[in-house]
Amino acid sequence: MECYTVRFIINKQNIRKISLDKKPDTLEELKIILRDKFNLEHDFNLMYEDPEFNNALCNLDDIAALPARRATLKLISLLPMTSSPPSSTPSLSDDTEILSSPTPTRREKWPEFFDVPNFSVDVECRLRQANLAFTRDKIYANITRDMKHRILEKLAEQMYKFDAYPDDERIHSVALALISKHPCLTEPGSPNGCSGWKNSLKFKMGNYRTKMRRAGCVDVCINGGKQRVPGMLSKCLKRPKRFEVNYLPGLPDGQNEESLEVERKALAEEMRKKICSATAIASKMEQTFPVRRREIVETGSPVQTVMERWPALFTEKQVYAEFNRIATTNLRTDFFDALDRYTPRLITILKSKRGNVGQTLTELLKQINVGKPDVTAMRSLVLKGLPVLLGDDPDDFYKTCFELLDECDIMAAKQHRDIGST
């Protein structure tokens, strides 16, 4: 099968080419793929080169508008850039810069290797000279109080983009990254050279959260104790989980709860009448994500209530999309990556079992071509074998059906099987 090629223009200096197995079925699916491949954490729209108008750029509202074999897409960011290069002109104080910045609507995943940001021009100049002196004569930098404050403030701002409440391990990784980039900041006598920086970063993150709380950032206000947002319930409050990157994002620019409630009602009505396209569903679900998170986090609505108010959320594609919005992670990709990683060991365990369980597992193993194992077949074998291995009923974990059957046929087959067993 011929792959689908995309030329993706992120900016003038960053133009990438990717090959997909096939043309995505929906616009939301295409956005998820692009987010995953290029680590795009903010909301964006897409434009495409339309061959009918001499490849002029047009807004991409429907995946059907893309050419059949290859396409050129351009990223249109919906949020301002979160970082800017250092400027030689005097800037406002750190406190003013924090309080005047907009509430972030999407936080990024914690990076595998923390990239220490560039500091102000004067701090970078002093660090450059100190690094040269350290390399030449092993002389440690003499850090003034003002210089240390600027370094910690910039690091706290960068850390907040990934995690408002970083744990001890993450703070330690930032301190190590700092002395790795600027060895002159290494602390003599410290076991790892950065114990003091690590301790200072802990307090600085607390101060930074206080400033963001005063600025009205809800995801830190909600855990602010007596300083919590007025009128916000403290009992039965859903606390942030480790994987939740977008725990409680702010509302989109130019929107409020009333306007988003109108969008929600319109979407629920369209879902009831089954007149809403997949592209429109994806767009409206992305737009109403912040208000939906507020309902779940602040009120803890029952599942039945959520199903009534947000019926589009319980489609298969929107389940994957919602997980991506909350954790900025592709659930399907991560699941299959983990499954493939542990499959060899699980196959060994399945083969080692004896008794009745071993006989059942042996019958499953016979369905696999050992000489040329297929990836899908191996995944199916492990998923079928796990409930047997754990002593559970496989029928409670998965349904076996043909690809052409729809959901109604599957339910009818299940009812027929249950009646036959009685």
# chains A, B, ... in the order shown; residues from 1 in each chain; ligands from 1
>>> residues_around(residues="A:Arg264", least_positions_apart="4", cutoff="10 Å", atoms="only C-alpha atoms", output="PyMOL selection string")
chain A and resi 258-260+268-270+284-285+287-288+291-292+309-312
>>> write_last_selection(atoms="N, CA and C atoms", output="mmCIF file, in the first residue's frame")
data_model
loop_
_atom_site.group_PDB
_atom_site.id
_atom_site.type_symbol
_atom_site.label_atom_id
_atom_site.label_comp_id
_atom_site.auth_asym_id
_atom_site.auth_seq_id
_atom_site.Cartn_x
_atom_site.Cartn_y
_atom_site.Cartn_z
ATOM 1 N N GLU A 258 -20.567 30.937 29.635
ATOM 2 C CA GLU A 258 -21.882 31.028 28.993
ATOM 3 C C GLU A 258 -21.797 30.684 27.503
ATOM 4 N N SER A 259 -20.789 31.220 26.825
ATOM 5 C CA SER A 259 -20.661 30.938 25.390
ATOM 6 C C SER A 259 -20.317 29.476 25.145
ATOM 7 N N LEU A 260 -19.492 28.898 26.003
ATOM 8 C CA LEU A 260 -19.149 27.484 25.839
ATOM 9 C C LEU A 260 -20.320 26.580 26.193
ATOM 10 N N ALA A 268 -24.641 18.614 21.954
ATOM 11 C CA ALA A 268 -25.470 17.526 22.480
ATOM 12 C C ALA A 268 -26.712 17.311 21.620
ATOM 13 N N GLU A 269 -27.311 18.390 21.135
ATOM 14 C CA GLU A 269 -28.498 18.271 20.281
ATOM 15 C C GLU A 269 -28.146 17.648 18.933
ATOM 16 N N GLU A 270 -27.008 18.048 18.369
ATOM 17 C CA GLU A 270 -26.575 17.472 17.093
ATOM 18 C C GLU A 270 -26.242 15.991 17.243
ATOM 19 N N LYS A 284 -15.432 21.007 18.115
ATOM 20 C CA LYS A 284 -16.181 21.516 19.258
ATOM 21 C C LYS A 284 -15.720 20.884 20.565
ATOM 22 N N MET A 285 -15.321 19.623 20.539
ATOM 23 C CA MET A 285 -14.830 18.979 21.754
ATOM 24 C C MET A 285 -13.503 19.585 22.190
ATOM 25 N N GLN A 287 -12.637 22.710 21.603
ATOM 26 C CA GLN A 287 -12.927 24.061 22.070
ATOM 27 C C GLN A 287 -13.537 24.063 23.465
ATOM 28 N N THR A 288 -14.390 23.079 23.764
ATOM 29 C CA THR A 288 -15.079 23.049 25.053
ATOM 30 C C THR A 288 -14.334 22.242 26.110
ATOM 31 N N VAL A 291 -13.972 23.893 29.851
ATOM 32 C CA VAL A 291 -15.171 23.925 30.683
ATOM 33 C C VAL A 291 -15.590 22.520 31.099
ATOM 34 N N ARG A 292 -15.308 21.531 30.262
ATOM 35 C CA ARG A 292 -15.601 20.135 30.619
ATOM 36 C C ARG A 292 -14.715 19.670 31.770
ATOM 37 N N ARG A 309 -24.616 15.028 29.447
ATOM 38 C CA ARG A 309 -24.208 16.376 29.048
ATOM 39 C C ARG A 309 -23.197 16.354 27.906
ATOM 40 N N TRP A 310 -22.386 15.308 27.825
ATOM 41 C CA TRP A 310 -21.326 15.243 26.810
ATOM 42 C C TRP A 310 -21.381 13.907 26.075
ATOM 43 N N PRO A 311 -22.425 13.639 25.316
ATOM 44 C CA PRO A 311 -22.530 12.337 24.639
ATOM 45 C C PRO A 311 -21.410 12.101 23.629
ATOM 46 N N ALA A 312 -20.879 13.156 23.023
ATOM 47 C CA ALA A 312 -19.811 12.982 22.028
ATOM 48 C C ALA A 312 -18.522 12.481 22.660
#
>>> select_by_dssp(residues="stretch 348-382 of chain A", states="alpha helix (DSSP H)", output="list in words")
Thr348, Ile349, Leu350, Lys351, Ser352, Gly355, Asn356, Val357, Gly358, Gln359, Thr360, Leu361, Thr362, Glu363, Leu364, Leu365, Val375, Thr376, Ala377, Met378, Arg379, Ser380, Leu381 and Val382 of chain A
>>> residues_around(residues="stretch 58-60 of chain A", least_positions_apart="2", cutoff="6 Å", atoms="only C-alpha atoms", output="PyMOL selection string")
chain A and resi 46-48+62
>>> closest_residue(among="A:Ile275, A:Leu155, A:Leu40, A:Cys221", to="A:Leu201", atoms="only C-alpha atoms")
A:Leu155
>>> closest_residue(among="A:Phe323, A:Leu389, A:Glu363, A:Ser277", to="A:Ile349", atoms="only C-alpha atoms")
A:Leu389
>>> closest_atom_pairs(of="stretch 167-197 of chain A", to="stretch 113-132 of chain A", cutoff="7 Å", atoms="only C-alpha atoms", output="CSV")
residue,atom,partner,partner_atom,distance
A:Val174,CA,A:Phe114,CA,6.2
A:Ala177,CA,A:Phe114,CA,6.5
A:Leu178,CA,A:Val116,CA,6.2
A:His182,CA,A:Asn131,CA,6.4
A:Pro183,CA,A:Asn131,CA,6.4
A:Cys184,CA,A:Asn131,CA,5.1
>>> write_last_selection(atoms="N, CA and C atoms", output="compact mmCIF listing (two decimals), in the first residue's frame")
# COMPACT_ATOMS: atom_id res chain seq x y z
N VAL A 174 16.64 19.16 37.18
CA VAL A 174 16.84 20.54 36.74
C VAL A 174 18.14 21.10 37.32
N ALA A 177 20.99 19.64 35.42
CA ALA A 177 21.09 20.24 34.09
C ALA A 177 21.72 21.63 34.16
N LEU A 178 21.42 22.36 35.24
CA LEU A 178 21.98 23.70 35.39
C LEU A 178 23.49 23.67 35.53
N HIS A 182 26.31 25.08 33.01
CA HIS A 182 27.17 26.12 33.57
C HIS A 182 27.97 25.51 34.72
N PRO A 183 29.09 24.86 34.43
CA PRO A 183 29.87 24.17 35.48
C PRO A 183 30.40 25.11 36.55
N CYS A 184 30.47 26.41 36.25
CA CYS A 184 30.95 27.35 37.26
C CYS A 184 30.00 27.46 38.44
>>> residues_around(residues="stretch 342-344 of chain A", least_positions_apart="3", cutoff="8 Å", atoms="only C-alpha atoms", output="PyMOL selection string")
chain A and resi 338-339+347-348+378-379+382
>>> write_last_selection(atoms="N, CA and C atoms", output="mmCIF file, in the first residue's frame")
data_model
loop_
_atom_site.group_PDB
_atom_site.id
_atom_site.type_symbol
_atom_site.label_atom_id
_atom_site.label_comp_id
_atom_site.auth_asym_id
_atom_site.auth_seq_id
_atom_site.Cartn_x
_atom_site.Cartn_y
_atom_site.Cartn_z
ATOM 1 N N ALA A 338 3.989 -0.339 24.840
ATOM 2 C CA ALA A 338 4.221 -1.098 26.073
ATOM 3 C C ALA A 338 3.910 -2.580 25.873
ATOM 4 N N LEU A 339 2.829 -2.858 25.128
ATOM 5 C CA LEU A 339 2.467 -4.255 24.875
ATOM 6 C C LEU A 339 3.556 -4.968 24.083
ATOM 7 N N ILE A 347 5.054 -14.046 26.525
ATOM 8 C CA ILE A 347 4.961 -15.304 25.768
ATOM 9 C C ILE A 347 5.697 -16.412 26.504
ATOM 10 N N THR A 348 6.860 -16.099 27.060
ATOM 11 C CA THR A 348 7.623 -17.093 27.829
ATOM 12 C C THR A 348 6.825 -17.571 29.038
ATOM 13 N N MET A 378 0.494 -11.571 17.574
ATOM 14 C CA MET A 378 1.174 -11.654 18.857
ATOM 15 C C MET A 378 0.467 -10.800 19.903
ATOM 16 N N ARG A 379 0.028 -9.616 19.505
ATOM 17 C CA ARG A 379 -0.714 -8.772 20.439
ATOM 18 C C ARG A 379 -2.014 -9.447 20.866
ATOM 19 N N VAL A 382 -1.367 -12.279 23.413
ATOM 20 C CA VAL A 382 -1.083 -11.809 24.771
ATOM 21 C C VAL A 382 -2.353 -11.297 25.443
#
>>> atom_distance(atom1="atom CA of A:Gly358", atom2="atom CA of A:Phe336")
25.3 Å
>>> atom_distance(atom1="atom CA of A:Asp374", atom2="atom CA of A:Ala321")
27.8 Å
>>> closest_residue(among="A:Ala164, A:Lys22, A:Glu187, A:Lys74", to="A:Arg213", atoms="only C-alpha atoms")
A:Ala164
>>> atom_distance(atom1="atom CA of A:Pro24", atom2="atom CA of A:Arg70")
11.7 Å
>>> residues_around(residues="A:Trp110", least_positions_apart="4", cutoff="12 Å", atoms="only C-alpha atoms", output="list in words")
Asn39, Glu41, Phe114, Asp115, Gln158, Met159, Tyr160, Lys161, Phe162, Asp163, Ala164, Tyr165, Pro166, Asp167, Glu169, Arg170, Ile171, Ser173, Val174, Arg242, Phe243, Glu244, Val245, Ala327, Thr328 and Thr329 of chain A
>>> residues_around(residues="stretch 26-28 of chain A", least_positions_apart="2", cutoff="7 Å", atoms="only C-alpha atoms", output="ChimeraX atom specification")
/A:24,30-32,62-63,278-279,282
>>> write_last_selection(atoms="N, CA and C atoms", output="compact mmCIF listing (two decimals), in the first residue's frame")
# COMPACT_ATOMS: atom_id res chain seq x y z
N PRO A 24 -5.19 10.14 6.92
CA PRO A 24 -6.04 10.10 8.12
C PRO A 24 -7.52 10.21 7.76
N LEU A 30 -5.57 13.64 12.20
CA LEU A 30 -4.38 14.24 11.61
C LEU A 30 -3.67 15.14 12.63
N LYS A 31 -4.44 15.93 13.39
CA LYS A 31 -3.83 16.80 14.39
C LYS A 31 -3.14 16.00 15.48
N ILE A 32 -3.75 14.90 15.88
CA ILE A 32 -3.14 14.05 16.92
C ILE A 32 -1.81 13.49 16.42
N ASP A 62 -11.95 20.32 6.44
CA ASP A 62 -12.43 18.95 6.21
C ASP A 62 -11.29 18.14 5.62
N ILE A 63 -11.05 16.96 6.15
CA ILE A 63 -9.95 16.12 5.69
C ILE A 63 -10.13 15.72 4.23
N ALA A 278 -17.84 14.10 11.98
CA ALA A 278 -16.72 13.79 12.88
C ALA A 278 -15.78 14.97 13.04
N THR A 279 -15.59 15.72 11.95
CA THR A 279 -14.71 16.89 12.02
C THR A 279 -15.29 17.96 12.92
N ALA A 282 -14.97 16.88 16.59
CA ALA A 282 -13.60 17.03 17.09
C ALA A 282 -13.29 18.49 17.39
>>> decode(residues="stretch 293-403 of chain A", atoms="C-alpha atoms", output="CSV table (one decimal), in the first residue's frame")
chain,number,residue,atom,x,y,z
A,293,ARG,CA,-12.5,19.7,32.8
A,294,ARG,CA,-13.9,22.3,35.3
A,295,GLU,CA,-17.1,20.2,35.6
A,296,ILE,CA,-15.2,17.0,36.3
A,297,VAL,CA,-12.6,18.5,38.6
A,298,GLU,CA,-14.7,20.9,40.6
A,299,THR,CA,-18.1,19.2,40.9
A,300,GLY,CA,-17.2,15.5,40.4
A,301,SER,CA,-20.3,14.8,38.4
A,302,PRO,CA,-21.4,11.2,38.2
A,303,VAL,CA,-20.7,9.3,35.0
A,304,GLN,CA,-24.3,9.2,34.0
A,305,THR,CA,-24.5,13.0,34.2
A,306,VAL,CA,-21.4,13.4,32.1
A,307,MET,CA,-22.8,11.0,29.5
A,308,GLU,CA,-26.0,13.0,29.3
A,309,ARG,CA,-24.2,16.4,29.0
A,310,TRP,CA,-21.3,15.2,26.8
A,311,PRO,CA,-22.5,12.3,24.6
A,312,ALA,CA,-19.8,13.0,22.0
A,313,LEU,CA,-17.1,12.2,24.6
A,314,PHE,CA,-18.0,8.6,24.7
A,315,THR,CA,-17.2,7.8,21.1
A,316,GLU,CA,-14.1,5.7,20.5
A,317,LYS,CA,-12.2,8.5,18.7
A,318,GLN,CA,-13.0,11.1,21.3
A,319,VAL,CA,-11.9,8.8,24.1
A,320,TYR,CA,-8.4,8.8,22.6
A,321,ALA,CA,-8.6,12.5,21.8
A,322,GLU,CA,-9.7,13.4,25.4
A,323,PHE,CA,-6.8,11.4,26.8
A,324,ASN,CA,-4.5,13.3,24.5
A,325,ARG,CA,-5.9,16.6,25.7
A,326,ILE,CA,-5.4,15.7,29.3
A,327,ALA,CA,-2.1,14.0,29.2
A,328,THR,CA,-0.8,15.2,25.8
A,329,THR,CA,0.0,11.5,25.1
A,330,ASN,CA,-1.3,9.2,22.3
A,331,LEU,CA,-3.0,6.5,24.4
A,332,ARG,CA,-3.2,4.0,21.5
A,333,THR,CA,0.4,4.4,20.6
A,334,ASP,CA,1.7,4.2,24.2
A,335,PHE,CA,-0.4,1.1,24.9
A,336,PHE,CA,0.8,-0.8,21.9
A,337,ASP,CA,4.4,0.3,22.5
A,338,ALA,CA,4.2,-1.1,26.1
A,339,LEU,CA,2.5,-4.3,24.9
A,340,ASP,CA,5.2,-4.9,22.3
A,341,ARG,CA,7.9,-4.3,24.8
A,342,TYR,CA,6.6,-6.9,27.3
A,343,THR,CA,5.3,-9.4,24.7
A,344,PRO,CA,8.4,-11.6,24.6
A,345,ARG,CA,8.5,-12.1,28.3
A,346,LEU,CA,4.7,-12.7,28.5
A,347,ILE,CA,5.0,-15.3,25.8
A,348,THR,CA,7.6,-17.1,27.8
A,349,ILE,CA,5.3,-17.0,30.9
A,350,LEU,CA,2.4,-18.3,28.9
A,351,LYS,CA,4.5,-21.3,27.6
A,352,SER,CA,5.7,-22.2,31.1
A,353,LYS,CA,2.2,-22.8,32.6
A,354,ARG,CA,0.9,-26.3,33.2
A,355,GLY,CA,-2.4,-27.9,34.1
A,356,ASN,CA,-5.8,-26.8,32.8
A,357,VAL,CA,-4.5,-23.2,32.4
A,358,GLY,CA,-1.5,-24.5,30.5
A,359,GLN,CA,-3.8,-26.5,28.1
A,360,THR,CA,-5.9,-23.5,27.4
A,361,LEU,CA,-2.8,-21.3,26.7
A,362,THR,CA,-1.3,-24.1,24.5
A,363,GLU,CA,-4.4,-24.0,22.3
A,364,LEU,CA,-3.9,-20.2,22.0
A,365,LEU,CA,-0.2,-20.6,21.2
A,366,LYS,CA,-1.0,-23.1,18.4
A,367,GLN,CA,-2.8,-20.3,16.5
A,368,ILE,CA,0.4,-18.4,16.1
A,369,ASN,CA,2.9,-19.1,13.2
A,370,VAL,CA,6.1,-19.4,15.1
A,371,GLY,CA,8.2,-19.1,12.0
A,372,LYS,CA,6.7,-15.8,10.8
A,373,PRO,CA,5.0,-14.2,13.8
A,374,ASP,CA,2.6,-11.4,12.9
A,375,VAL,CA,2.6,-8.3,15.2
A,376,THR,CA,-1.2,-8.2,15.4
A,377,ALA,CA,-1.4,-11.9,16.1
A,378,MET,CA,1.2,-11.7,18.9
A,379,ARG,CA,-0.7,-8.8,20.4
A,380,SER,CA,-4.0,-10.7,20.2
A,381,LEU,CA,-2.3,-13.8,21.8
A,382,VAL,CA,-1.1,-11.8,24.8
A,383,LEU,CA,-4.4,-10.0,25.3
A,384,LYS,CA,-6.3,-13.3,25.1
A,385,GLY,CA,-3.8,-15.1,27.3
A,386,LEU,CA,-3.6,-12.5,30.2
A,387,PRO,CA,-7.2,-13.1,31.6
A,388,VAL,CA,-6.6,-16.9,31.4
A,389,LEU,CA,-3.3,-16.5,33.2
A,390,LEU,CA,-4.9,-14.4,35.9
A,391,GLY,CA,-7.8,-16.9,36.4
A,392,ASP,CA,-10.6,-14.7,35.0
A,393,ASP,CA,-13.2,-15.2,32.4
A,394,PRO,CA,-11.9,-14.0,29.0
A,395,ASP,CA,-15.5,-13.2,27.9
A,396,ASP,CA,-15.5,-10.3,30.5
A,397,PHE,CA,-12.5,-8.7,28.9
A,398,TYR,CA,-13.0,-8.8,25.2
A,399,LYS,CA,-15.4,-9.8,22.4
A,400,THR,CA,-14.4,-11.8,19.3
A,401,CYS,CA,-16.0,-10.6,16.1
A,402,PHE,CA,-15.4,-10.1,12.4
A,403,GLU,CA,-14.2,-6.7,11.2
